[in-house]
Amino acid sequence: MTPTEFMREYLNLARTRDIKALLALIDDDAVFLFSNQSSHFGKDAIRNAICANFDAIQNEDYWISDLTWLVSSDEVAVCVYEFAWAGEIDGARAFGCGRGTTAIHRVADAGGAAWRVVHEHLSRGRLRPS
């Protein structure tokens, strides 16, 4: 699987809210930094943060665009992108957007080798100047 294919699968699992499958793609020691200024170290903290988002935002649609690879090798890859989401919070329409960075690395698993997210950083703002 290429890094681009991995990111496509990761996005699809996030969009379908398949938390078990999504967490399987995240490294046990990953660090996630969210646009609300929260930090989450390790898979348990990341699980709690993602589940809290899933609980808070109903009927969510999430997408990324302008995916750009900064580095890509057989062992590690890092990309930047713009993200956006829309849904309902407490029955009211809500939306947000920003820029993201995801770093993945290859690990050995039962099927041979697979990619895992080791870092995700979401922040407010545009990826590229207007």
# chains A, B, ... in the order shown; residues from 1 in each chain; ligands from 1
>>> residues_around(residues="A:Ile89", least_positions_apart="4", cutoff="7 Å", atoms="only C-alpha atoms", output="list of chain:residue names")
A:Ala56, A:Ile57, A:Gln58, A:Arg93, A:Ala94
>>> residues_around(residues="stretch 76-87 of chain A", least_positions_apart="3", cutoff="10 Å", atoms="only C-alpha atoms", output="number ranges by chain")
A: 2-4, 7, 15, 56-73, 91-107, 115-128
>>> residues_around(residues="A:Ile19", least_positions_apart="3", cutoff="12 Å", atoms="only C-alpha atoms", output="PyMOL selection string")
chain A and resi 10-16+22-26+43-44+46-55
>>> write_last_selection(atoms="N, CA and C atoms", output="PDB file, in the first residue's frame")
ATOM      1  N   TYR A  10      -7.443   5.788   5.604  1.00  0.00           N
ATOM      2  CA  TYR A  10      -7.549   6.465   6.897  1.00  0.00           C
ATOM      3  C   TYR A  10      -8.706   7.468   6.879  1.00  0.00           C
ATOM      4  N   LEU A  11      -8.807   8.249   5.819  1.00  0.00           N
ATOM      5  CA  LEU A  11      -9.902   9.206   5.675  1.00  0.00           C
ATOM      6  C   LEU A  11     -11.250   8.497   5.593  1.00  0.00           C
ATOM      7  N   ASN A  12     -11.331   7.445   4.814  1.00  0.00           N
ATOM      8  CA  ASN A  12     -12.600   6.718   4.679  1.00  0.00           C
ATOM      9  C   ASN A  12     -13.056   6.140   6.015  1.00  0.00           C
ATOM     10  N   LEU A  13     -12.136   5.618   6.803  1.00  0.00           N
ATOM     11  CA  LEU A  13     -12.505   5.069   8.112  1.00  0.00           C
ATOM     12  C   LEU A  13     -12.951   6.178   9.059  1.00  0.00           C
ATOM     13  N   ALA A  14     -12.303   7.326   8.984  1.00  0.00           N
ATOM     14  CA  ALA A  14     -12.734   8.465   9.807  1.00  0.00           C
ATOM     15  C   ALA A  14     -14.135   8.911   9.396  1.00  0.00           C
ATOM     16  N   ARG A  15     -14.395   8.929   8.098  1.00  0.00           N
ATOM     17  CA  ARG A  15     -15.700   9.371   7.601  1.00  0.00           C
ATOM     18  C   ARG A  15     -16.809   8.394   7.981  1.00  0.00           C
ATOM     19  N   THR A  16     -16.499   7.105   8.039  1.00  0.00           N
ATOM     20  CA  THR A  16     -17.512   6.113   8.405  1.00  0.00           C
ATOM     21  C   THR A  16     -17.585   5.898   9.912  1.00  0.00           C
ATOM     22  N   LEU A  22     -10.163   2.402  12.542  1.00  0.00           N
ATOM     23  CA  LEU A  22      -9.370   3.632  12.508  1.00  0.00           C
ATOM     24  C   LEU A  22      -8.201   3.535  13.497  1.00  0.00           C
ATOM     25  N   LEU A  23      -8.471   3.069  14.702  1.00  0.00           N
ATOM     26  CA  LEU A  23      -7.416   2.943  15.705  1.00  0.00           C
ATOM     27  C   LEU A  23      -6.352   1.927  15.310  1.00  0.00           C
ATOM     28  N   ALA A  24      -6.717   0.942  14.507  1.00  0.00           N
ATOM     29  CA  ALA A  24      -5.740  -0.036  14.030  1.00  0.00           C
ATOM     30  C   ALA A  24      -4.685   0.613  13.136  1.00  0.00           C
ATOM     31  N   LEU A  25      -4.994   1.789  12.594  1.00  0.00           N
ATOM     32  CA  LEU A  25      -4.054   2.492  11.718  1.00  0.00           C
ATOM     33  C   LEU A  25      -3.217   3.526  12.472  1.00  0.00           C
ATOM     34  N   ILE A  26      -3.401   3.605  13.778  1.00  0.00           N
ATOM     35  CA  ILE A  26      -2.696   4.589  14.598  1.00  0.00           C
ATOM     36  C   ILE A  26      -1.705   3.878  15.511  1.00  0.00           C
ATOM     37  N   LYS A  43      -2.355   6.008  22.156  1.00  0.00           N
ATOM     38  CA  LYS A  43      -3.590   5.559  21.511  1.00  0.00           C
ATOM     39  C   LYS A  43      -4.820   5.688  22.410  1.00  0.00           C
ATOM     40  N   ASP A  44      -4.690   5.452  23.719  1.00  0.00           N
ATOM     41  CA  ASP A  44      -5.849   5.576  24.608  1.00  0.00           C
ATOM     42  C   ASP A  44      -6.372   7.011  24.635  1.00  0.00           C
ATOM     43  N   ILE A  46      -5.878   9.287  22.348  1.00  0.00           N
ATOM     44  CA  ILE A  46      -6.366   9.599  21.004  1.00  0.00           C
ATOM     45  C   ILE A  46      -7.757   8.997  20.807  1.00  0.00           C
ATOM     46  N   ARG A  47      -7.945   7.756  21.256  1.00  0.00           N
ATOM     47  CA  ARG A  47      -9.270   7.116  21.172  1.00  0.00           C
ATOM     48  C   ARG A  47     -10.314   7.980  21.884  1.00  0.00           C
ATOM     49  N   ASN A  48     -10.000   8.413  23.099  1.00  0.00           N
ATOM     50  CA  ASN A  48     -10.946   9.234  23.859  1.00  0.00           C
ATOM     51  C   ASN A  48     -11.276  10.532  23.130  1.00  0.00           C
ATOM     52  N   ALA A  49     -10.282  11.171  22.552  1.00  0.00           N
ATOM     53  CA  ALA A  49     -10.509  12.433  21.843  1.00  0.00           C
ATOM     54  C   ALA A  49     -11.355  12.223  20.587  1.00  0.00           C
ATOM     55  N   ILE A  50     -11.059  11.180  19.826  1.00  0.00           N
ATOM     56  CA  ILE A  50     -11.820  10.906  18.611  1.00  0.00           C
ATOM     57  C   ILE A  50     -13.259  10.545  18.966  1.00  0.00           C
ATOM     58  N   CYS A  51     -13.445   9.708  19.968  1.00  0.00           N
ATOM     59  CA  CYS A  51     -14.809   9.336  20.379  1.00  0.00           C
ATOM     60  C   CYS A  51     -15.589  10.550  20.864  1.00  0.00           C
ATOM     61  N   ALA A  52     -14.927  11.464  21.580  1.00  0.00           N
ATOM     62  CA  ALA A  52     -15.599  12.689  22.030  1.00  0.00           C
ATOM     63  C   ALA A  52     -16.041  13.524  20.831  1.00  0.00           C
ATOM     64  N   ASN A  53     -15.205  13.601  19.809  1.00  0.00           N
ATOM     65  CA  ASN A  53     -15.591  14.323  18.586  1.00  0.00           C
ATOM     66  C   ASN A  53     -16.768  13.637  17.907  1.00  0.00           C
ATOM     67  N   PHE A  54     -16.701  12.315  17.794  1.00  0.00           N
ATOM     68  CA  PHE A  54     -17.796  11.572  17.167  1.00  0.00           C
ATOM     69  C   PHE A  54     -19.103  11.775  17.928  1.00  0.00           C
ATOM     70  N   ASP A  55     -19.025  11.804  19.258  1.00  0.00           N
ATOM     71  CA  ASP A  55     -20.224  12.008  20.071  1.00  0.00           C
ATOM     72  C   ASP A  55     -20.771  13.425  19.926  1.00  0.00           C
TER      73      ASP A  55
END
